[in-house]
$ cat entry_29.cif   # mmCIF, N, CA and C atoms
data_upload
loop_
_atom_site.label_atom_id
_atom_site.label_comp_id
_atom_site.auth_asym_id
_atom_site.auth_seq_id
_atom_site.Cartn_x
_atom_site.Cartn_y
_atom_site.Cartn_z
N SER A 2 -15.26 13.01 0.89
CA SER A 2 -14.55 11.85 0.36
C SER A 2 -13.84 11.15 1.51
N THR A 3 -13.78 9.85 1.44
CA THR A 3 -13.17 9.08 2.51
C THR A 3 -11.70 8.84 2.24
N ARG A 4 -11.05 8.29 3.23
CA ARG A 4 -9.63 7.95 3.11
C ARG A 4 -9.43 6.97 1.97
N TRP A 5 -10.36 6.06 1.76
CA TRP A 5 -10.22 5.03 0.74
C TRP A 5 -10.26 5.62 -0.67
N SER A 6 -10.90 6.76 -0.83
CA SER A 6 -10.94 7.34 -2.17
C SER A 6 -9.56 7.81 -2.61
N LEU A 7 -8.64 7.96 -1.66
CA LEU A 7 -7.28 8.36 -1.99
C LEU A 7 -6.49 7.23 -2.62
N LEU A 8 -7.03 6.02 -2.58
CA LEU A 8 -6.31 4.86 -3.08
C LEU A 8 -6.55 4.60 -4.56
N ARG A 9 -7.28 5.49 -5.23
CA ARG A 9 -7.49 5.32 -6.66
C ARG A 9 -6.16 5.36 -7.39
N ARG A 10 -6.14 4.76 -8.55
CA ARG A 10 -4.92 4.71 -9.33
C ARG A 10 -4.47 6.12 -9.67
N ARG A 11 -3.21 6.40 -9.43
CA ARG A 11 -2.64 7.70 -9.73
C ARG A 11 -1.37 7.51 -10.52
N PRO A 12 -1.00 8.49 -11.31
CA PRO A 12 0.26 8.39 -12.03
C PRO A 12 1.41 8.37 -11.04
N LEU A 13 2.50 7.73 -11.42
CA LEU A 13 3.65 7.63 -10.54
C LEU A 13 4.62 8.78 -10.76
N SER A 14 4.11 9.96 -10.91
CA SER A 14 4.96 11.14 -11.10
C SER A 14 5.09 11.86 -9.78
N SER A 15 6.00 12.81 -9.73
CA SER A 15 6.21 13.56 -8.50
C SER A 15 5.30 14.77 -8.40
N SER A 16 4.53 15.04 -9.42
CA SER A 16 3.69 16.22 -9.42
C SER A 16 2.56 16.07 -8.42
N PRO A 17 2.53 16.90 -7.36
CA PRO A 17 1.47 16.77 -6.36
C PRO A 17 0.10 17.15 -6.91
N ASN A 18 0.07 17.92 -8.01
CA ASN A 18 -1.21 18.35 -8.57
C ASN A 18 -1.68 17.46 -9.71
N ALA A 19 -0.97 16.34 -9.92
CA ALA A 19 -1.34 15.44 -11.02
C ALA A 19 -2.72 14.85 -10.74
N ALA A 20 -3.57 14.88 -11.74
CA ALA A 20 -4.91 14.32 -11.59
C ALA A 20 -4.83 12.81 -11.62
N PRO A 21 -5.70 12.10 -10.86
CA PRO A 21 -5.71 10.65 -10.92
C PRO A 21 -6.03 10.18 -12.32
N THR A 22 -5.39 9.08 -12.71
CA THR A 22 -5.66 8.50 -14.01
C THR A 22 -6.99 7.77 -13.95
N VAL A 23 -7.82 7.94 -14.93
CA VAL A 23 -9.11 7.28 -14.96
C VAL A 23 -9.15 6.36 -16.16
N GLY A 24 -9.48 5.11 -15.94
CA GLY A 24 -9.58 4.15 -17.03
C GLY A 24 -8.22 3.68 -17.50
N PRO A 25 -8.24 2.72 -18.45
CA PRO A 25 -6.98 2.20 -18.93
C PRO A 25 -6.21 3.24 -19.72
N GLY A 26 -4.92 3.12 -19.68
CA GLY A 26 -4.06 4.03 -20.39
C GLY A 26 -2.65 3.85 -19.90
N PRO A 27 -1.72 4.44 -20.60
CA PRO A 27 -0.32 4.27 -20.19
C PRO A 27 -0.06 4.95 -18.86
N LEU A 28 0.77 4.33 -18.05
CA LEU A 28 1.17 4.92 -16.79
C LEU A 28 2.37 5.82 -17.03
N GLU A 29 2.45 6.89 -16.28
CA GLU A 29 3.58 7.79 -16.42
C GLU A 29 4.83 7.14 -15.84
N PRO A 30 6.02 7.51 -16.32
CA PRO A 30 7.25 6.97 -15.75
C PRO A 30 7.36 7.36 -14.28
N PRO A 31 7.93 6.49 -13.46
CA PRO A 31 8.03 6.80 -12.04
C PRO A 31 9.08 7.88 -11.76
N ASP A 32 8.86 8.62 -10.70
CA ASP A 32 9.83 9.58 -10.21
C ASP A 32 10.79 8.81 -9.32
N LEU A 33 11.97 8.46 -9.86
CA LEU A 33 12.89 7.58 -9.17
C LEU A 33 13.35 8.10 -7.81
N PRO A 34 13.70 9.39 -7.67
CA PRO A 34 14.09 9.87 -6.34
C PRO A 34 12.97 9.72 -5.30
N ARG A 35 11.73 10.01 -5.70
CA ARG A 35 10.59 9.86 -4.77
C ARG A 35 10.37 8.40 -4.43
N LEU A 36 10.47 7.53 -5.43
CA LEU A 36 10.29 6.10 -5.23
C LEU A 36 11.36 5.55 -4.29
N ALA A 37 12.61 5.95 -4.50
CA ALA A 37 13.71 5.51 -3.63
C ALA A 37 13.50 6.01 -2.20
N ASN A 38 13.06 7.26 -2.06
CA ASN A 38 12.80 7.81 -0.73
C ASN A 38 11.69 7.05 -0.03
N SER A 39 10.63 6.71 -0.75
CA SER A 39 9.52 5.95 -0.17
C SER A 39 9.98 4.57 0.28
N ALA A 40 10.92 3.98 -0.48
CA ALA A 40 11.44 2.65 -0.15
C ALA A 40 12.57 2.73 0.87
N ARG A 41 12.91 3.94 1.29
CA ARG A 41 13.98 4.18 2.25
C ARG A 41 15.32 3.63 1.78
N ILE A 42 15.62 3.88 0.51
CA ILE A 42 16.92 3.51 -0.03
C ILE A 42 17.53 4.75 -0.68
N SER A 43 18.84 4.77 -0.75
CA SER A 43 19.50 5.88 -1.43
C SER A 43 20.08 5.36 -2.73
N LEU A 44 19.93 6.15 -3.78
CA LEU A 44 20.45 5.79 -5.09
C LEU A 44 21.40 6.87 -5.57
N SER A 45 22.57 6.45 -6.01
CA SER A 45 23.48 7.39 -6.64
C SER A 45 22.91 7.71 -8.02
N PRO A 46 23.36 8.79 -8.65
CA PRO A 46 22.88 9.09 -10.01
C PRO A 46 23.14 7.92 -10.98
N GLN A 47 24.28 7.25 -10.81
CA GLN A 47 24.60 6.11 -11.67
C GLN A 47 23.62 4.96 -11.43
N GLU A 48 23.29 4.69 -10.16
CA GLU A 48 22.32 3.63 -9.85
C GLU A 48 20.93 3.99 -10.37
N ALA A 49 20.55 5.25 -10.24
CA ALA A 49 19.25 5.69 -10.74
C ALA A 49 19.18 5.48 -12.25
N GLU A 50 20.25 5.80 -12.95
CA GLU A 50 20.29 5.60 -14.40
C GLU A 50 20.22 4.11 -14.75
N GLU A 51 20.87 3.28 -13.94
CA GLU A 51 20.87 1.83 -14.18
C GLU A 51 19.49 1.22 -13.93
N PHE A 52 18.82 1.66 -12.85
CA PHE A 52 17.55 1.06 -12.47
C PHE A 52 16.35 1.62 -13.19
N ALA A 53 16.46 2.82 -13.76
CA ALA A 53 15.31 3.46 -14.41
C ALA A 53 14.65 2.57 -15.45
N PRO A 54 15.38 1.93 -16.38
CA PRO A 54 14.71 1.09 -17.37
C PRO A 54 14.04 -0.14 -16.75
N LYS A 55 14.66 -0.67 -15.70
CA LYS A 55 14.09 -1.86 -15.04
C LYS A 55 12.78 -1.50 -14.34
N ILE A 56 12.77 -0.37 -13.67
CA ILE A 56 11.56 0.06 -12.97
C ILE A 56 10.49 0.44 -13.99
N GLN A 57 10.88 1.05 -15.08
CA GLN A 57 9.92 1.38 -16.14
C GLN A 57 9.29 0.10 -16.70
N GLN A 58 10.08 -0.97 -16.80
CA GLN A 58 9.55 -2.25 -17.29
C GLN A 58 8.46 -2.77 -16.35
N VAL A 59 8.69 -2.66 -15.05
CA VAL A 59 7.68 -3.08 -14.07
C VAL A 59 6.42 -2.23 -14.22
N VAL A 60 6.58 -0.92 -14.37
CA VAL A 60 5.44 -0.02 -14.56
C VAL A 60 4.68 -0.41 -15.83
N ASP A 61 5.42 -0.74 -16.90
CA ASP A 61 4.77 -1.17 -18.15
C ASP A 61 3.98 -2.45 -17.95
N TRP A 62 4.50 -3.37 -17.13
CA TRP A 62 3.75 -4.62 -16.85
C TRP A 62 2.44 -4.30 -16.14
N PHE A 63 2.47 -3.35 -15.20
CA PHE A 63 1.22 -2.95 -14.54
C PHE A 63 0.26 -2.34 -15.55
N GLY A 64 0.79 -1.59 -16.50
CA GLY A 64 -0.06 -1.03 -17.55
C GLY A 64 -0.73 -2.12 -18.36
N GLN A 65 0.00 -3.22 -18.63
CA GLN A 65 -0.58 -4.35 -19.36
C GLN A 65 -1.69 -5.00 -18.53
N LEU A 66 -1.47 -5.11 -17.22
CA LEU A 66 -2.50 -5.71 -16.35
C LEU A 66 -3.75 -4.84 -16.33
N GLN A 67 -3.57 -3.52 -16.35
CA GLN A 67 -4.73 -2.63 -16.33
C GLN A 67 -5.55 -2.72 -17.60
N ALA A 68 -4.94 -3.18 -18.68
CA ALA A 68 -5.64 -3.29 -19.95
C ALA A 68 -6.52 -4.54 -20.02
N VAL A 69 -6.38 -5.46 -19.07
CA VAL A 69 -7.16 -6.70 -19.07
C VAL A 69 -8.61 -6.38 -18.72
N ASP A 70 -9.54 -6.87 -19.53
CA ASP A 70 -10.97 -6.66 -19.29
C ASP A 70 -11.45 -7.64 -18.22
N LEU A 71 -11.84 -7.12 -17.07
CA LEU A 71 -12.28 -7.96 -15.95
C LEU A 71 -13.79 -7.91 -15.75
N GLU A 72 -14.50 -7.22 -16.62
CA GLU A 72 -15.94 -7.06 -16.45
C GLU A 72 -16.68 -8.39 -16.47
N SER A 73 -16.21 -9.35 -17.24
CA SER A 73 -16.93 -10.63 -17.35
C SER A 73 -16.45 -11.65 -16.31
N ILE A 74 -15.52 -11.30 -15.45
CA ILE A 74 -14.99 -12.21 -14.45
C ILE A 74 -15.79 -12.08 -13.16
N GLU A 75 -16.28 -13.21 -12.66
CA GLU A 75 -17.01 -13.21 -11.39
C GLU A 75 -16.03 -13.02 -10.23
N PRO A 76 -16.37 -12.21 -9.24
CA PRO A 76 -15.48 -12.03 -8.09
C PRO A 76 -15.32 -13.33 -7.31
N SER A 77 -14.16 -13.51 -6.71
CA SER A 77 -13.93 -14.68 -5.86
C SER A 77 -12.94 -14.30 -4.77
N LEU A 78 -12.96 -15.09 -3.71
CA LEU A 78 -12.04 -14.84 -2.61
C LEU A 78 -10.64 -15.34 -2.94
N ARG A 79 -10.58 -16.45 -3.65
CA ARG A 79 -9.32 -17.00 -4.15
C ARG A 79 -9.65 -17.84 -5.36
N ALA A 80 -8.69 -18.36 -6.03
CA ALA A 80 -8.91 -19.02 -7.32
C ALA A 80 -9.90 -20.18 -7.25
N ASP A 81 -9.93 -20.91 -6.16
CA ASP A 81 -10.80 -22.08 -6.09
C ASP A 81 -12.09 -21.85 -5.31
N THR A 82 -12.45 -20.59 -5.05
CA THR A 82 -13.63 -20.29 -4.24
C THR A 82 -14.51 -19.26 -4.95
N ALA A 83 -15.77 -19.58 -5.12
CA ALA A 83 -16.71 -18.61 -5.69
C ALA A 83 -17.07 -17.59 -4.61
N ALA A 84 -17.44 -16.40 -5.03
CA ALA A 84 -17.75 -15.32 -4.08
C ALA A 84 -18.92 -15.67 -3.18
N GLY A 85 -19.90 -16.41 -3.68
CA GLY A 85 -21.08 -16.73 -2.88
C GLY A 85 -20.95 -17.97 -2.03
N SER A 86 -19.84 -18.70 -2.15
CA SER A 86 -19.72 -19.95 -1.39
C SER A 86 -19.49 -19.65 0.08
N SER A 87 -19.90 -20.57 0.91
CA SER A 87 -19.75 -20.36 2.34
C SER A 87 -18.42 -20.93 2.81
N LEU A 88 -17.81 -20.21 3.70
CA LEU A 88 -16.56 -20.64 4.32
C LEU A 88 -16.85 -21.07 5.74
N ARG A 89 -15.88 -21.73 6.35
CA ARG A 89 -16.08 -22.15 7.73
C ARG A 89 -16.19 -20.92 8.63
N GLU A 90 -16.80 -21.08 9.76
CA GLU A 90 -16.93 -20.00 10.73
C GLU A 90 -15.56 -19.70 11.32
N ASP A 91 -15.23 -18.43 11.43
CA ASP A 91 -13.94 -18.03 11.99
C ASP A 91 -14.08 -17.97 13.51
N LYS A 92 -13.58 -19.01 14.18
CA LYS A 92 -13.68 -19.05 15.64
C LYS A 92 -12.38 -19.58 16.21
N ALA A 93 -12.09 -19.15 17.41
CA ALA A 93 -10.86 -19.59 18.08
C ALA A 93 -11.01 -21.04 18.49
N GLU A 94 -9.93 -21.80 18.29
CA GLU A 94 -9.91 -23.20 18.71
C GLU A 94 -8.62 -23.44 19.48
N PRO A 95 -8.70 -24.07 20.63
CA PRO A 95 -7.48 -24.31 21.42
C PRO A 95 -6.62 -25.41 20.78
N PHE A 96 -5.29 -25.26 20.93
CA PHE A 96 -4.37 -26.28 20.46
C PHE A 96 -4.33 -27.42 21.47
N ALA A 97 -4.25 -28.63 20.97
CA ALA A 97 -4.17 -29.79 21.86
C ALA A 97 -2.84 -29.81 22.61
N ASN A 98 -1.78 -29.34 21.97
CA ASN A 98 -0.46 -29.37 22.60
C ASN A 98 0.05 -27.96 22.93
N ARG A 99 -0.81 -27.12 23.46
CA ARG A 99 -0.48 -25.72 23.76
C ARG A 99 0.73 -25.62 24.69
N ASP A 100 0.79 -26.45 25.71
CA ASP A 100 1.91 -26.38 26.66
C ASP A 100 3.24 -26.68 25.97
N ALA A 101 3.26 -27.64 25.06
CA ALA A 101 4.48 -27.98 24.35
C ALA A 101 4.92 -26.82 23.46
N ILE A 102 3.97 -26.13 22.85
CA ILE A 102 4.30 -24.98 22.02
C ILE A 102 4.89 -23.86 22.87
N ILE A 103 4.27 -23.58 24.00
CA ILE A 103 4.75 -22.52 24.90
C ILE A 103 6.14 -22.86 25.41
N GLU A 104 6.40 -24.12 25.72
CA GLU A 104 7.73 -24.54 26.20
C GLU A 104 8.80 -24.26 25.15
N ALA A 105 8.46 -24.34 23.87
CA ALA A 105 9.44 -24.17 22.80
C ALA A 105 9.70 -22.71 22.46
N LEU A 106 8.91 -21.79 22.99
CA LEU A 106 9.07 -20.37 22.68
C LEU A 106 10.28 -19.78 23.39
N PRO A 107 11.04 -18.91 22.71
CA PRO A 107 12.19 -18.29 23.37
C PRO A 107 11.79 -17.29 24.45
N SER A 108 10.64 -16.62 24.29
CA SER A 108 10.20 -15.64 25.28
C SER A 108 8.68 -15.60 25.30
N TYR A 109 8.10 -15.83 26.46
CA TYR A 109 6.66 -15.88 26.60
C TYR A 109 6.27 -15.19 27.89
N ASP A 110 5.33 -14.24 27.81
CA ASP A 110 4.80 -13.53 28.97
C ASP A 110 3.28 -13.59 28.83
N ASP A 111 2.65 -14.54 29.48
CA ASP A 111 1.24 -14.86 29.32
C ASP A 111 0.39 -13.60 29.22
N PRO A 112 -0.38 -13.40 28.21
CA PRO A 112 -0.69 -14.26 27.06
C PRO A 112 0.11 -13.91 25.81
N TYR A 113 1.24 -13.22 25.96
CA TYR A 113 1.96 -12.69 24.80
C TYR A 113 3.21 -13.50 24.48
N ILE A 114 3.46 -13.65 23.19
CA ILE A 114 4.71 -14.22 22.70
C ILE A 114 5.57 -13.03 22.33
N LYS A 115 6.76 -12.95 22.92
CA LYS A 115 7.66 -11.83 22.64
C LYS A 115 8.57 -12.20 21.48
N VAL A 116 8.68 -11.26 20.53
CA VAL A 116 9.53 -11.45 19.36
C VAL A 116 10.42 -10.23 19.20
N PRO A 117 11.56 -10.39 18.52
CA PRO A 117 12.43 -9.23 18.30
C PRO A 117 11.74 -8.21 17.40
N ASN A 118 12.13 -6.94 17.51
CA ASN A 118 11.59 -5.88 16.64
C ASN A 118 11.94 -6.19 15.21
N ALA A 119 10.97 -6.08 14.33
CA ALA A 119 11.21 -6.33 12.91
C ALA A 119 11.29 -5.02 12.13
N LEU A 120 10.64 -3.99 12.61
CA LEU A 120 10.61 -2.70 11.91
C LEU A 120 11.23 -1.63 12.79
N THR A 121 12.05 -0.80 12.18
CA THR A 121 12.64 0.33 12.90
C THR A 121 12.49 1.56 12.03
N LYS A 122 12.69 2.73 12.61
CA LYS A 122 12.56 3.98 11.86
C LYS A 122 13.92 4.54 11.48
N GLU A 123 14.89 3.69 11.25
CA GLU A 123 16.24 4.14 10.89
C GLU A 123 16.30 4.62 9.48
#

$ encode --input "entry_29.cif" --output "structure tokens"
Amino acid sequence: STRWSLLRRRPLSSSPNAAPTVGPGPLEPPDLPRLANSARISLSPQEAEEFAPKIQQVVDWFGQLQAVDLESIEPSLRADTAAGSSLREDKAEPFANRDAIIEALPSYDDPYIKVPNALTKE
């Protein structure tokens, strides 16, 4: 089995031995401590009690989406594009005003644009 097979729909419980859910059906309630840990947030017991119904509502909405019959829907790349339609060729094109763009950058080390760190492991 490949890495992608691990992405099948699974119940949102903390049980590591839980079997993947197959087909439409109700989703299990989420394991709030595990969910908070995955999101890298801490929840007090009072906050967990407050957020549990709200998170369950989101899970219920996903359950409603899973119940939608998509068998008769043709695949598409986006709402206004059929799957078989041709798109433009993906090729690099130079900017006419490249120098002006580079001048406006706060930090540039050819060919890289330097930006502040957005993700940390804190």

$ atom_distance --input "entry_29.cif" --atom1 "atom N of A:Ala105" --atom2 "atom CA of A:Lys92"
24.2 Å

$ atom_distance --input "entry_29.cif" --atom1 "atom C of A:Asp111" --atom2 "atom C of A:Asp91"
21.8 Å

$ atom_distance --input "entry_29.cif" --atom1 "atom CA of A:Leu28" --atom2 "atom CA of A:Val60"
6.9 Å

$ closest_residue --input "entry_29.cif" --among "A:Ile74, A:Ala40, A:Ala101, A:Leu33" --to "A:Ala53" --atoms "all atoms listed in the file"
A:Leu33
